[in-house]
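Chemist: Please find run-v2.tsv (TSV, C-alpha atoms and all ligand atoms) on the next line:
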```tsv
chain	number	residue	atom	x	y	z
A	127	MET	CA	20.05	2.52	-17.64
A	128	THR	CA	22.49	3.29	-14.88
A	129	ASN	CA	21.28	3.18	-11.33
A	130	SER	CA	22.84	6.57	-10.67
A	131	TRP	CA	19.83	8.28	-12.25
A	132	ALA	CA	17.21	9.60	-9.86
A	133	LYS	CA	14.26	7.32	-9.10
A	134	ALA	CA	12.01	9.80	-10.95
A	135	SER	CA	14.10	9.26	-14.11
A	136	LEU	CA	14.22	5.48	-13.79
A	137	VAL	CA	10.51	5.13	-13.09
A	138	ALA	CA	9.48	7.45	-15.96
A	139	GLN	CA	11.05	5.00	-18.43
A	140	ALA	CA	10.27	1.80	-16.49
A	141	MET	CA	14.05	1.29	-16.09
A	142	GLY	CA	14.63	2.20	-19.74
A	143	ARG	CA	14.02	-1.28	-21.06
A	144	THR	CA	13.41	-1.50	-24.82
A	145	ASP	CA	12.81	-4.48	-27.12
A	146	ALA	CA	16.02	-5.88	-28.65
A	147	ALA	CA	14.19	-7.80	-31.43
A	148	THR	CA	12.26	-4.83	-32.90
A	149	GLN	CA	13.92	-1.75	-31.33
A	150	ALA	CA	10.49	-0.90	-29.91
A	151	VAL	CA	10.79	1.76	-27.20
A	152	ILE	CA	7.95	0.09	-25.29
A	153	PRO	CA	8.70	-3.56	-24.47
A	154	PRO	CA	6.09	-6.07	-25.66
A	155	LEU	CA	3.48	-7.69	-23.46
A	156	HIS	CA	4.44	-11.32	-22.93
A	157	LEU	CA	1.31	-13.45	-22.74
A	158	SER	CA	2.79	-16.91	-23.41
A	159	THR	CA	2.16	-19.43	-20.64
A	160	THR	CA	4.94	-21.76	-21.81
A	161	TYR	CA	8.46	-21.57	-23.26
A	162	LEU	CA	10.58	-23.60	-25.66
A	163	ARG	CA	12.95	-26.15	-24.24
A	164	ASP	CA	16.38	-26.29	-25.93
A	165	PRO	CA	17.32	-29.39	-27.98
A	166	ASP	CA	19.79	-30.32	-25.22
A	167	ASN	CA	16.85	-30.33	-22.79
A	168	ALA	CA	17.93	-27.13	-21.01
A	169	TYR	CA	15.91	-23.93	-20.60
A	170	SER	CA	18.51	-21.37	-21.65
A	171	SER	CA	16.04	-18.46	-21.48
A	172	SER	CA	15.39	-19.25	-17.77
A	173	TYR	CA	11.63	-19.15	-18.50
A	174	VAL	CA	9.72	-22.45	-18.23
A	175	TYR	CA	6.08	-21.78	-17.37
A	176	GLY	CA	3.86	-18.80	-16.61
A	177	ARG	CA	2.87	-19.57	-13.03
A	178	PRO	CA	6.33	-19.11	-11.51
A	179	ASP	CA	7.47	-16.32	-13.77
A	180	ASN	CA	6.73	-14.00	-16.69
A	181	ALA	CA	8.91	-11.42	-18.48
A	182	THR	CA	6.35	-8.59	-18.28
A	183	VAL	CA	5.85	-9.31	-14.58
A	184	ARG	CA	9.64	-9.35	-14.05
A	185	ASP	CA	10.09	-5.99	-15.81
A	186	THR	CA	7.43	-4.42	-13.61
A	187	GLU	CA	8.95	-6.02	-10.50
A	188	ALA	CA	12.28	-4.42	-11.40
A	189	VAL	CA	10.67	-0.97	-11.25
A	190	ILE	CA	9.19	-1.61	-7.81
A	191	ALA	CA	12.45	-3.12	-6.50
A	192	MET	CA	14.26	0.04	-7.67
A	193	LEU	CA	11.69	2.31	-5.99
A	194	GLU	CA	12.02	0.41	-2.70
A	195	GLU	CA	15.82	-0.06	-2.92
A	196	ALA	CA	15.12	-3.78	-2.43
A	197	LYS	CA	18.20	-6.02	-2.59
A	198	ALA	CA	16.09	-9.18	-2.73
A	199	GLY	CA	13.97	-7.70	-5.53
A	200	ALA	CA	10.19	-7.50	-5.72
A	201	LEU	CA	7.37	-9.99	-6.29
A	202	LEU	CA	4.02	-9.12	-7.85
A	203	PHE	CA	0.85	-10.84	-6.69
A	204	SER	CA	-2.71	-11.04	-7.96
A	205	SER	CA	-3.84	-8.55	-5.26
A	206	GLY	CA	-2.60	-6.62	-2.27
A	207	MET	CA	-4.26	-9.22	-0.04
A	208	ALA	CA	-2.47	-12.07	-1.86
A	209	ALA	CA	0.85	-10.27	-1.27
A	210	ALA	CA	0.12	-9.60	2.39
A	211	THR	CA	-1.20	-13.07	3.19
A	212	ALA	CA	1.85	-14.70	1.51
A	213	CYS	CA	3.99	-13.12	4.26
A	214	PHE	CA	1.94	-14.98	6.88
A	215	GLN	CA	1.57	-18.20	4.88
A	216	ALA	CA	5.37	-18.36	4.69
A	217	LEU	CA	5.46	-18.76	8.51
A	218	GLN	CA	5.08	-22.03	10.46
A	219	PRO	CA	1.97	-23.08	12.40
A	220	GLY	CA	2.53	-22.07	16.04
A	221	ASP	CA	4.46	-18.92	15.15
A	222	HIS	CA	3.45	-15.73	16.90
A	223	VAL	CA	2.80	-12.50	14.98
A	224	VAL	CA	2.01	-8.96	16.08
A	225	ALA	CA	0.07	-6.54	13.87
A	226	SER	CA	-1.10	-2.91	14.16
A	227	SER	CA	-4.49	-2.74	15.88
A	228	VAL	CA	-5.69	-0.01	13.51
A	229	MET	CA	-4.97	-1.17	9.99
A	230	TYR	CA	-6.52	-2.14	6.67
A	231	TRP	CA	-9.77	-3.79	7.70
A	232	SER	CA	-9.75	-6.83	5.35
A	233	LEU	CA	-6.26	-7.87	6.42
A	234	ARG	CA	-7.14	-7.45	10.08
A	235	ASN	CA	-10.16	-9.74	9.50
A	236	TRP	CA	-8.03	-12.30	7.66
A	237	LEU	CA	-5.56	-12.34	10.55
A	238	ARG	CA	-8.37	-12.87	13.06
A	239	THR	CA	-9.96	-15.72	11.10
A	240	GLU	CA	-7.85	-17.48	8.43
A	241	ALA	CA	-4.42	-16.88	9.98
A	242	THR	CA	-5.67	-18.31	13.25
A	243	ARG	CA	-7.06	-21.41	11.47
A	244	TRP	CA	-3.66	-21.68	9.80
A	245	GLY	CA	-2.18	-22.08	13.31
A	246	LEU	CA	-0.65	-18.64	13.76
A	247	HIS	CA	-0.99	-16.86	17.10
A	248	VAL	CA	-1.97	-13.28	16.35
A	249	ASP	CA	-1.84	-10.32	18.73
A	250	PHE	CA	-2.72	-6.74	17.87
A	251	ALA	CA	-0.89	-3.77	19.36
A	252	GLU	CA	-1.00	-0.02	18.96
A	253	THR	CA	2.29	-0.06	17.10
A	254	ASN	CA	2.46	3.76	17.10
A	255	ASP	CA	3.28	3.33	20.82
A	256	LEU	CA	6.61	1.49	20.80
A	257	ASP	CA	6.29	0.56	24.50
A	258	ARG	CA	3.07	-1.31	23.70
A	259	LEU	CA	4.70	-3.02	20.75
A	260	LYS	CA	7.62	-4.07	22.95
A	261	ALA	CA	5.21	-5.45	25.58
A	262	THR	CA	3.32	-7.50	22.95
A	263	VAL	CA	6.32	-9.00	21.16
A	264	GLN	CA	7.41	-12.38	22.58
A	265	PRO	CA	11.18	-12.79	22.17
A	266	GLY	CA	12.02	-16.07	20.44
A	267	ARG	CA	8.36	-16.79	19.60
A	268	THR	CA	7.31	-13.79	17.55
A	269	LYS	CA	8.37	-14.25	13.94
A	270	LEU	CA	6.72	-11.31	12.20
A	271	VAL	CA	5.69	-7.80	13.18
A	272	TRP	CA	3.24	-6.21	10.73
A	273	VAL	CA	2.91	-2.46	10.65
A	274	GLU	CA	0.82	-0.17	8.45
A	275	THR	CA	1.90	3.48	8.37
A	276	PRO	CA	0.21	5.88	7.98
A	277	SER	CA	-2.61	3.48	8.82
A	278	ASN	CA	-6.24	3.35	7.73
A	279	PRO	CA	-8.37	5.32	8.46
A	280	LEU	CA	-6.92	7.56	11.21
A	281	TRP	CA	-3.49	7.91	9.52
A	282	THR	CA	-1.70	6.83	12.66
A	283	VAL	CA	2.06	6.94	12.20
A	284	THR	CA	4.36	4.15	13.41
A	285	ASP	CA	8.10	4.65	13.89
A	286	ILE	CA	9.52	2.15	11.38
A	287	ALA	CA	13.11	2.32	12.65
A	288	GLY	CA	11.93	1.87	16.26
A	289	ALA	CA	9.62	-1.02	15.33
A	290	ALA	CA	12.44	-2.70	13.37
A	291	GLU	CA	14.72	-2.50	16.38
A	292	ILE	CA	12.09	-4.09	18.64
A	293	ALA	CA	11.25	-6.81	16.11
A	294	HIS	CA	14.90	-7.68	15.45
A	295	ALA	CA	15.79	-7.76	19.17
A	296	ALA	CA	13.00	-10.36	19.59
A	297	GLY	CA	14.22	-12.44	16.62
A	298	ALA	CA	11.31	-11.35	14.41
A	299	ARG	CA	11.11	-9.66	11.02
A	300	LEU	CA	9.35	-6.38	10.32
A	301	ALA	CA	6.94	-6.04	7.39
A	302	VAL	CA	5.47	-2.64	6.49
A	303	ASP	CA	2.26	-2.07	4.54
A	304	SER	CA	3.41	1.13	2.82
A	305	THR	CA	0.42	1.43	0.46
A	306	CYS	CA	-0.69	4.84	1.74
A	307	ALA	CA	2.82	6.25	2.14
A	308	SER	CA	4.09	4.97	-1.22
A	309	PRO	CA	7.78	5.01	-2.18
A	310	VAL	CA	7.62	8.76	-2.83
A	311	HIS	CA	7.15	9.50	0.88
A	312	THR	CA	8.68	6.61	2.85
A	313	ARG	CA	11.58	4.18	2.40
A	314	PRO	CA	10.81	1.38	4.88
A	315	LEU	CA	13.75	-0.87	3.91
A	316	ALA	CA	16.22	1.99	4.42
A	317	LEU	CA	14.66	2.47	7.88
A	318	GLY	CA	15.29	-1.17	8.84
A	319	ALA	CA	12.17	-3.07	7.66
A	320	ASP	CA	12.67	-6.52	6.11
A	321	ILE	CA	9.63	-6.54	3.81
A	322	VAL	CA	7.58	-3.76	2.21
A	323	MET	CA	4.08	-4.53	0.98
A	324	HIS	CA	1.99	-2.49	-1.44
A	325	ALA	CA	-1.54	-2.78	-2.64
A	326	ALA	CA	-0.32	-1.83	-6.14
A	327	THR	CA	-4.05	-1.53	-6.91
A	328	LYS	CA	-3.79	1.89	-5.29
A	329	ILE	CA	-1.36	4.74	-6.05
A	330	LEU	CA	1.35	2.66	-7.76
A	331	ASN	CA	-1.04	1.84	-10.61
A	332	GLY	CA	-3.05	4.97	-9.92
A	333	HIS	CA	-5.87	4.54	-12.42
A	334	SER	CA	-8.32	2.29	-10.53
A	335	ASP	CA	-8.22	-0.36	-13.26
A	336	VAL	CA	-5.84	-3.05	-11.91
A	337	ILE	CA	-5.97	-5.25	-8.80
A	338	ALA	CA	-2.37	-6.07	-7.86
A	339	GLY	CA	-0.06	-6.52	-4.88
A	340	ALA	CA	3.69	-6.23	-4.41
A	341	LEU	CA	6.32	-7.28	-1.90
A	342	ALA	CA	9.86	-5.93	-1.85
A	343	GLY	CA	12.51	-7.63	0.28
A	344	ALA	CA	15.67	-6.45	2.03
A	345	GLU	CA	17.48	-9.78	1.84
A	346	ARG	CA	17.29	-12.86	-0.33
A	347	ASP	CA	17.06	-15.13	2.74
A	348	ASP	CA	15.07	-18.31	3.64
A	349	TYR	CA	11.98	-16.31	4.47
A	350	TRP	CA	12.01	-14.54	1.09
A	351	ALA	CA	12.48	-17.93	-0.61
A	352	ARG	CA	9.44	-19.31	1.25
A	353	ILE	CA	7.37	-16.33	0.09
A	354	GLU	CA	8.46	-17.06	-3.50
A	355	THR	CA	7.38	-20.68	-3.02
A	356	VAL	CA	3.99	-19.61	-1.62
A	357	ARG	CA	3.40	-17.47	-4.72
A	358	ARG	CA	4.62	-20.10	-7.19
A	359	SER	CA	2.91	-23.15	-5.71
A	360	GLY	CA	-0.28	-21.31	-4.74
A	361	GLY	CA	-0.50	-19.62	-8.17
A	362	ALA	CA	-0.80	-16.07	-6.83
A	363	ILE	CA	1.33	-14.34	-9.48
A	364	LEU	CA	-0.05	-11.21	-11.17
A	365	GLY	CA	-1.35	-11.73	-14.72
A	366	PRO	CA	0.88	-10.34	-17.51
A	367	PHE	CA	-1.75	-7.92	-18.80
A	368	GLU	CA	-2.23	-6.46	-15.31
A	369	ALA	CA	1.56	-6.22	-14.95
A	370	TYR	CA	1.71	-4.33	-18.26
A	371	LEU	CA	-0.96	-1.86	-17.13
A	372	LEU	CA	0.79	-1.45	-13.79
A	373	GLN	CA	4.09	-0.70	-15.54
A	374	ARG	CA	2.31	1.93	-17.63
A	375	GLY	CA	0.76	3.47	-14.50
A	376	LEU	CA	4.10	3.47	-12.69
A	377	LYS	CA	5.69	5.73	-15.31
A	378	THR	CA	3.68	8.68	-13.98
A	379	PHE	CA	3.79	7.55	-10.34
A	380	PHE	CA	6.22	10.23	-9.12
A	381	VAL	CA	4.32	13.18	-10.55
A	382	ARG	CA	0.94	11.79	-9.54
A	383	ALA	CA	1.95	10.99	-5.96
A	384	THR	CA	3.67	14.34	-5.45
A	385	ALA	CA	0.76	16.34	-6.86
A	386	GLN	CA	-1.88	14.34	-4.98
A	387	ALA	CA	-0.02	14.81	-1.68
A	388	LYS	CA	0.22	18.55	-2.29
A	389	SER	CA	-3.55	18.74	-2.84
A	390	ALA	CA	-4.23	16.58	0.23
A	391	GLN	CA	-2.14	18.93	2.38
A	392	ALA	CA	-4.01	21.97	1.03
A	393	LEU	CA	-7.41	20.33	1.60
A	394	ALA	CA	-6.47	19.23	5.13
A	395	GLU	CA	-5.41	22.79	6.02
A	396	ARG	CA	-8.53	24.40	4.56
A	397	LEU	CA	-10.94	21.86	6.05
A	398	THR	CA	-9.48	22.37	9.55
A	399	SER	CA	-11.29	25.71	9.83
A	400	HIS	CA	-14.54	24.56	8.18
A	401	PRO	CA	-17.46	25.10	10.62
A	402	ARG	CA	-19.05	21.72	9.74
A	403	VAL	CA	-15.84	19.76	10.35
A	404	ALA	CA	-15.09	18.55	13.89
A	405	ARG	CA	-11.63	17.19	13.14
A	406	VAL	CA	-9.27	16.62	10.23
A	407	LEU	CA	-6.93	13.63	10.39
A	408	TYR	CA	-3.81	14.08	8.25
A	409	PRO	CA	-0.18	13.49	9.26
A	410	GLY	CA	0.83	16.71	7.50
A	411	LEU	CA	-1.10	18.83	10.04
A	412	PRO	CA	0.97	19.98	13.06
A	413	GLN	CA	-1.92	19.04	15.40
A	414	HIS	CA	-1.97	15.39	14.20
A	415	PRO	CA	-0.56	13.12	16.96
A	416	GLY	CA	1.88	11.51	14.49
A	417	HIS	CA	3.03	14.74	12.83
A	418	ASP	CA	6.52	15.09	14.36
A	419	LEU	CA	7.38	11.49	13.62
A	420	ALA	CA	5.90	11.74	10.12
A	421	ALA	CA	7.98	14.87	9.49
A	422	ARG	CA	11.12	12.85	10.30
A	423	GLN	CA	10.10	9.60	8.61
A	424	MET	CA	8.34	10.86	5.48
A	425	GLU	CA	9.62	13.02	2.63
A	426	ASN	CA	8.09	14.95	-0.30
A	427	GLY	CA	4.85	15.45	1.65
A	428	PHE	CA	2.53	13.28	3.72
A	429	GLY	CA	0.49	11.33	1.23
A	430	PHE	CA	-2.82	11.56	-0.58
A	431	MET	CA	-5.08	10.18	2.18
A	432	LEU	CA	-6.94	12.15	4.84
A	433	SER	CA	-10.07	11.74	6.92
A	434	VAL	CA	-12.56	14.24	8.29
A	435	GLN	CA	-14.90	13.83	11.24
A	436	VAL	CA	-18.08	15.71	10.51
A	437	GLN	CA	-20.13	17.82	12.96
A	438	GLY	CA	-23.47	16.07	13.47
A	439	GLY	CA	-22.21	12.50	13.64
A	440	GLU	CA	-22.93	9.56	11.36
A	441	VAL	CA	-26.10	11.01	9.79
A	442	ALA	CA	-24.28	14.19	8.74
A	443	ALA	CA	-21.29	12.20	7.47
A	444	VAL	CA	-23.43	9.94	5.27
A	445	ALA	CA	-25.42	12.97	4.07
A	446	THR	CA	-22.20	14.83	3.17
A	447	ALA	CA	-21.03	11.91	1.06
A	448	ALA	CA	-24.47	11.87	-0.57
A	449	HIS	CA	-24.13	15.50	-1.70
A	450	VAL	CA	-20.74	15.49	-3.44
A	451	GLU	CA	-20.59	15.74	-7.23
A	452	LEU	CA	-16.92	15.86	-8.18
A	453	TRP	CA	-15.71	13.42	-5.51
A	454	LYS	CA	-16.78	9.88	-6.33
A	455	ARG	CA	-18.59	7.94	-3.59
A	456	ALA	CA	-16.62	4.69	-3.65
A	457	THR	CA	-14.22	2.52	-1.70
A	458	SER	CA	-10.51	2.14	-2.60
A	459	LEU	CA	-7.87	4.87	-2.87
A	460	GLY	CA	-4.88	6.19	-4.78
A	461	GLY	CA	-6.49	6.75	-8.18
A	462	VAL	CA	-6.35	9.96	-10.19
A	463	GLU	CA	-10.05	10.48	-9.40
A	464	SER	CA	-10.84	11.64	-5.86
A	465	LEU	CA	-12.91	9.24	-3.75
A	466	ILE	CA	-14.99	9.78	-0.63
A	467	GLU	CA	-16.18	7.03	1.65
A	468	HIS	CA	-18.15	6.65	4.87
A	469	ARG	CA	-15.69	4.10	6.17
A	470	ALA	CA	-17.67	2.64	9.09
A	471	SER	CA	-20.44	1.53	6.66
A	472	ILE	CA	-18.09	-0.66	4.62
A	473	GLU	CA	-16.17	-2.04	7.61
A	474	GLY	CA	-19.40	-3.07	9.34
A	475	PRO	CA	-20.14	-4.12	12.93
A	476	GLY	CA	-17.20	-4.15	15.34
A	477	THR	CA	-15.20	-1.55	13.41
A	478	PRO	CA	-13.01	0.79	15.46
A	479	CYS	CA	-13.64	3.45	12.80
A	480	PRO	CA	-15.51	6.51	14.17
A	481	ALA	CA	-19.09	6.71	12.84
A	482	ASP	CA	-18.72	10.38	11.85
A	483	LEU	CA	-15.61	9.76	9.72
A	484	LEU	CA	-15.31	10.28	5.96
A	485	ARG	CA	-12.18	8.93	4.30
A	486	LEU	CA	-10.88	11.01	1.41
A	487	SER	CA	-8.51	9.82	-1.31
A	488	THR	CA	-7.21	12.92	-3.07
A	489	GLY	CA	-6.83	12.64	-6.83
A	490	LEU	CA	-5.59	14.97	-9.56
A	491	GLU	CA	-8.57	17.31	-10.02
A	492	ALA	CA	-8.08	21.06	-9.41
A	493	VAL	CA	-7.79	21.47	-5.65
A	494	ASP	CA	-10.18	24.44	-5.54
A	495	ASP	CA	-12.87	22.34	-7.23
A	496	LEU	CA	-12.28	19.53	-4.71
A	497	TYR	CA	-12.60	21.96	-1.80
A	498	ASP	CA	-15.67	23.73	-3.19
A	499	ASP	CA	-17.44	20.42	-3.81
A	500	LEU	CA	-16.79	19.29	-0.21
A	501	ASP	CA	-17.79	22.69	1.16
A	502	ARG	CA	-21.10	22.54	-0.72
A	503	ALA	CA	-21.76	18.96	0.43
A	504	LEU	CA	-20.91	19.72	4.08
A	505	ASN	CA	-23.28	22.67	4.10
A	506	ALA	CA	-26.05	20.82	2.22
A	507	ALA	CA	-25.86	17.93	4.71
A	508	HIS	CA	-26.85	20.26	7.55
A	509	ARG	CA	-29.89	21.70	5.88
B	601	LIG	C1	-6.33	-1.88	-0.66
B	601	LIG	C2	-5.37	-2.16	0.44
B	601	LIG	C3	-4.92	-3.47	0.68
B	601	LIG	C4	-5.41	-4.66	-0.10
B	601	LIG	O1	-5.13	-4.57	-1.48
B	601	LIG	P1	-6.05	-5.32	-2.58
B	601	LIG	O2	-5.33	-5.08	-3.85
B	601	LIG	O3	-7.41	-4.69	-2.51
B	601	LIG	O4	-6.10	-6.76	-2.19
B	601	LIG	C5	-4.01	-3.64	1.71
B	601	LIG	N1	-3.56	-2.60	2.45
B	601	LIG	C6	-3.98	-1.34	2.23
B	601	LIG	C7	-3.46	-0.24	3.09
B	601	LIG	C8	-4.89	-1.08	1.23
B	601	LIG	O5	-5.33	0.18	1.03
```
Could you render the structure from this file as structure tokens?
Modeler:
Amino acid sequence: MTNSWAKASLVAQAMGRTDAATQAVIPPLHLSTTYLRDPDNAYSSSYVYGRPDNATVRDTEAVIAMLEEAKAGALLFSSGMAAATACFQALQPGDHVVASSVMYWSLRNWLRTEATRWGLHVDFAETNDLDRLKATVQPGRTKLVWVETPSNPLWTVTDIAGAAEIAHAAGARLAVDSTCASPVHTRPLALGADIVMHAATKILNGHSDVIAGALAGAERDDYWARIETVRRSGGAILGPFEAYLLQRGLKTFFVRATAQAKSAQALAERLTSHPRVARVLYPGLPQHPGHDLAARQMENGFGFMLSVQVQGGEVAAVATAAHVELWKRATSLGGVESLIEHRASIEGPGTPCPADLLRLSTGLEAVDDLYDDLDRALNAAHR
């Protein structure tokens, strides 16, 4: 297929690949762990073994590379965490890194524990404030700036172009966890980032049945090559069956992400005037602190994630989650089924997450049903 088609066209057909041997419209799932060597001892197919590489994985990577406009291509990992941690494992002991202070909780914990044992020096900064980021970056010593935008669970927005400028001036690279923005809303590489990371577990797959991670790179440089080595030698590649499911999920990614963002915007607007809701956090609301920046940096809407702070504090928040019927009470996000979560409970002691906060992942159900279910639960929680 030509690359002049729109992303929506290319993604709907997973780049239009078909099977040359059978004329099958859907390419086969390649499960083989090993490949034939030619009689002259060469490997003319370029495939040798399943840990470095797999044809189903490659086909799925091509879709993600297209979505992210990634010149270096994309790499699929066994989870979002495996993808994210590979970016840090590709650094040298003694290197300094700066990460968003409000970000995906498990990665923040990994940076505070494992990355430090690995010999990295980690500082956290409120990256939505570029002056603070600038003050935390150490020119010549900082090698990676890690930004999540909009970030869990307050949906804080960081200026990607501004952060890239600061990182590059200090001799560092910029990596963006774009899981909650997704390629429908934000193009981090076009804005100057060097690496984009996705928990493909979330909206890229969209059906809550695959754990997967992805990196997309701006340049095929030394750093990208080290990340490839980390994946190959550490054995963190995605399994072929998971890659097949992810490719299947990706075909509907554009319509899902667009529809889910539209519902999230409608819910955020309606919940703002709900008497039991103290505050709605969603970058698509004009009163959100990151709204103006999000309006410039994001397109096709503001994503499927929002949070509400409930009147009555933690007890009322937990009780609200207890009373929903259509929303599913579960962690994770980005699936076609809407999820609700009392975030502080899962993050545990020391979390910066407000105790009265419920995180909402908007799915594909009828938006009136989603609102009515929340309305009923909010009212029931106060009885
Ligand atoms: C889920 C998630 C991750 C981690 O992905 P896994 O596939 O669960 O390892 C990282 N960042 C964000 C923003 C996420 O939502």
Chemist: Residues at most 10 Å from ligand LIG 601 (chain B), using all atoms listed in the file? Could they come as a ChimeraX atom specification?
Modeler: /A:203-211,229-234,274-279,302-307,323-329,336-340,457-460
Chemist: Counting all atoms listed in the file, figure out which residue out of A:Thr268, A:Pro475, A:Gly199, A:Asn254 gets nearest to Asn235 (chain A).
Modeler: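 Checking each candidate against Asn235 (chain A), we get A:Pro475 as the closest.
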Chemist: What is the CA of Ser464 (chain A)-CA of Leu452 (chain A) distance in Å, reported with one decimal?
Modeler: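 Here the two named atoms are 7.8 Å from each other.
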Chemist: Please identify all polymer residues within 7 Å of Val248 (chain A), counting all atoms listed in the file, omitting same-chain residues fewer than 2 positions from it, and present them as a count of residues only.
Modeler: 7
Chemist: Env of Leu465 (chain A): 7 Å cut, atoms = only C-alpha atoms, seq-sep filter 5 positions within chain, self excluded. Answer as a ChimeraX atom specification.
Modeler: /A:453-456,459,486-488
Chemist: With C-alpha atoms kept, could you save the residues just selected as a CSV table (one decimal), keeping the file's coordinate frame?
Modeler:
```csv
chain,number,residue,atom,x,y,z
A,453,TRP,CA,-15.7,13.4,-5.5
A,454,LYS,CA,-16.8,9.9,-6.3
A,455,ARG,CA,-18.6,7.9,-3.6
A,456,ALA,CA,-16.6,4.7,-3.6
A,459,LEU,CA,-7.9,4.9,-2.9
A,486,LEU,CA,-10.9,11.0,1.4
A,487,SER,CA,-8.5,9.8,-1.3
A,488,THR,CA,-7.2,12.9,-3.1
```
Chemist: Fewer than 6 positions away in the same chain doesn't count, so skip those; otherwise give me all residues within 8 Å of Trp281 (chain A), counting all atoms listed in the file, as a PyMOL selection string.
Modeler: chain A and resi 275+407-409+431-432
Chemist: One decimal, in Å: what's the spacing between CA of Met141 (chain A) and CA of Ser170 (chain A)?
Modeler: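 Separation of CA of Met141 (chain A) and CA of Ser170 (chain A): 23.8 Å.
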Chemist: Looking at A:Leu496, A:Ile363, A:Leu483, A:Ala200, which one is nearest to Gly439 (chain A), with distances taken over all atoms listed in the file?
Modeler: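 Result for the nearest residue to Gly439 (chain A): A:Leu483.
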Chemist: Between CA of Ser471 (chain A) and CA of Ala394 (chain A), what is the distance in Å, rounded to a tenth?
Modeler: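 So the answer is 22.6 Å.
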Chemist: Set out as a tab-separated table a contact list for region 297-348 of chain A and region 262-267 of chain A with a cut-off of 12 Å, giving each residue of region 297-348 of chain A that qualifies its closest atom pair and distance in Å to one decimal, counting only C-alpha atoms, ordered by chain and rising residue number.
Modeler:
```
residue	atom	partner	partner_atom	distance
A:Gly297	CA	A:Gly266	CA	5.7
A:Ala298	CA	A:Gly266	CA	7.7
A:Arg299	CA	A:Val263	CA	11.2
A:Leu300	CA	A:Val263	CA	11.6
```
Chemist: Write the selection just made, keeping C-alpha atoms, as a JSON list (two decimals), in the coordinates of the input?
Modeler:
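Result written to again28.json:
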```json
[["chain", "number", "residue", "atom", "x", "y", "z"],
["A", 297, "GLY", "CA", 14.22, -12.44, 16.62],
["A", 298, "ALA", "CA", 11.31, -11.35, 14.41],
["A", 299, "ARG", "CA", 11.11, -9.66, 11.02],
["A", 300, "LEU", "CA", 9.35, -6.38, 10.32]]
```
Chemist: Put the listed atoms of region 235-241 of chain A in a box along x, y and z with 4 Å added on every side and give me the centre and edge lengths in Å to one decimal, as lines of an AutoDock Vina configuration file.
Modeler:
```
center_x = -7.3
center_y = -13.6
center_z = 10.4
size_x = 13.7
size_y = 15.7
size_z = 13.4
```
Chemist: Go through A:Gln139, A:Asn167, A:Ser172, A:Gln435 and flag the residue nearest Val151 (chain A), using only C-alpha atoms for the distances.
Modeler: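 Closest to Val151 (chain A) of all the choices is A:Gln139.
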Chemist: So which one's closest to Val322 (chain A), A:His417, A:Pro178, A:Leu193, A:Gly429? Using all atoms listed in the file, please.
Modeler: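 When distances to Val322 (chain A) are compared using all atoms listed in the file, the smallest one comes from A:Leu193.
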Chemist: Generate the coordinates of N, CA, C and O atoms for region 330-337 of chain A; report them as a PDB file, keeping the file's coordinate frame.
Modeler:
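As a result, result.pdb now contains:
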```
ATOM      1  N   LEU A 330       0.301   3.096  -6.826  1.00  0.00           N
ATOM      2  CA  LEU A 330       1.350   2.660  -7.760  1.00  0.00           C
ATOM      3  C   LEU A 330       0.766   2.536  -9.170  1.00  0.00           C
ATOM      4  O   LEU A 330       1.341   3.024 -10.132  1.00  0.00           O
ATOM      5  N   ASN A 331      -0.384   1.880  -9.294  1.00  0.00           N
ATOM      6  CA  ASN A 331      -1.040   1.840 -10.610  1.00  0.00           C
ATOM      7  C   ASN A 331      -1.760   3.169 -10.874  1.00  0.00           C
ATOM      8  O   ASN A 331      -1.632   3.740 -11.942  1.00  0.00           O
ATOM      9  N   GLY A 332      -2.526   3.608  -9.894  1.00  0.00           N
ATOM     10  CA  GLY A 332      -3.050   4.970  -9.920  1.00  0.00           C
ATOM     11  C   GLY A 332      -4.268   5.248 -10.764  1.00  0.00           C
ATOM     12  O   GLY A 332      -4.753   6.372 -10.776  1.00  0.00           O
ATOM     13  N   HIS A 333      -4.771   4.260 -11.500  1.00  0.00           N
ATOM     14  CA  HIS A 333      -5.870   4.540 -12.420  1.00  0.00           C
ATOM     15  C   HIS A 333      -7.111   3.695 -12.136  1.00  0.00           C
ATOM     16  O   HIS A 333      -8.017   3.599 -12.968  1.00  0.00           O
ATOM     17  N   SER A 334      -7.142   3.053 -10.963  1.00  0.00           N
ATOM     18  CA  SER A 334      -8.320   2.290 -10.530  1.00  0.00           C
ATOM     19  C   SER A 334      -8.781   1.262 -11.569  1.00  0.00           C
ATOM     20  O   SER A 334      -9.982   1.040 -11.741  1.00  0.00           O
ATOM     21  N   ASP A 335      -7.814   0.649 -12.278  1.00  0.00           N
ATOM     22  CA  ASP A 335      -8.220  -0.360 -13.260  1.00  0.00           C
ATOM     23  C   ASP A 335      -7.388  -1.652 -13.187  1.00  0.00           C
ATOM     24  O   ASP A 335      -7.436  -2.471 -14.111  1.00  0.00           O
ATOM     25  N   VAL A 336      -6.631  -1.824 -12.101  1.00  0.00           N
ATOM     26  CA  VAL A 336      -5.840  -3.050 -11.910  1.00  0.00           C
ATOM     27  C   VAL A 336      -5.893  -3.441 -10.435  1.00  0.00           C
ATOM     28  O   VAL A 336      -5.709  -2.579  -9.578  1.00  0.00           O
ATOM     29  N   ILE A 337      -6.144  -4.720 -10.163  1.00  0.00           N
ATOM     30  CA  ILE A 337      -5.970  -5.250  -8.800  1.00  0.00           C
ATOM     31  C   ILE A 337      -4.608  -5.936  -8.784  1.00  0.00           C
ATOM     32  O   ILE A 337      -4.354  -6.839  -9.602  1.00  0.00           O
TER      33      ILE A 337
END
```
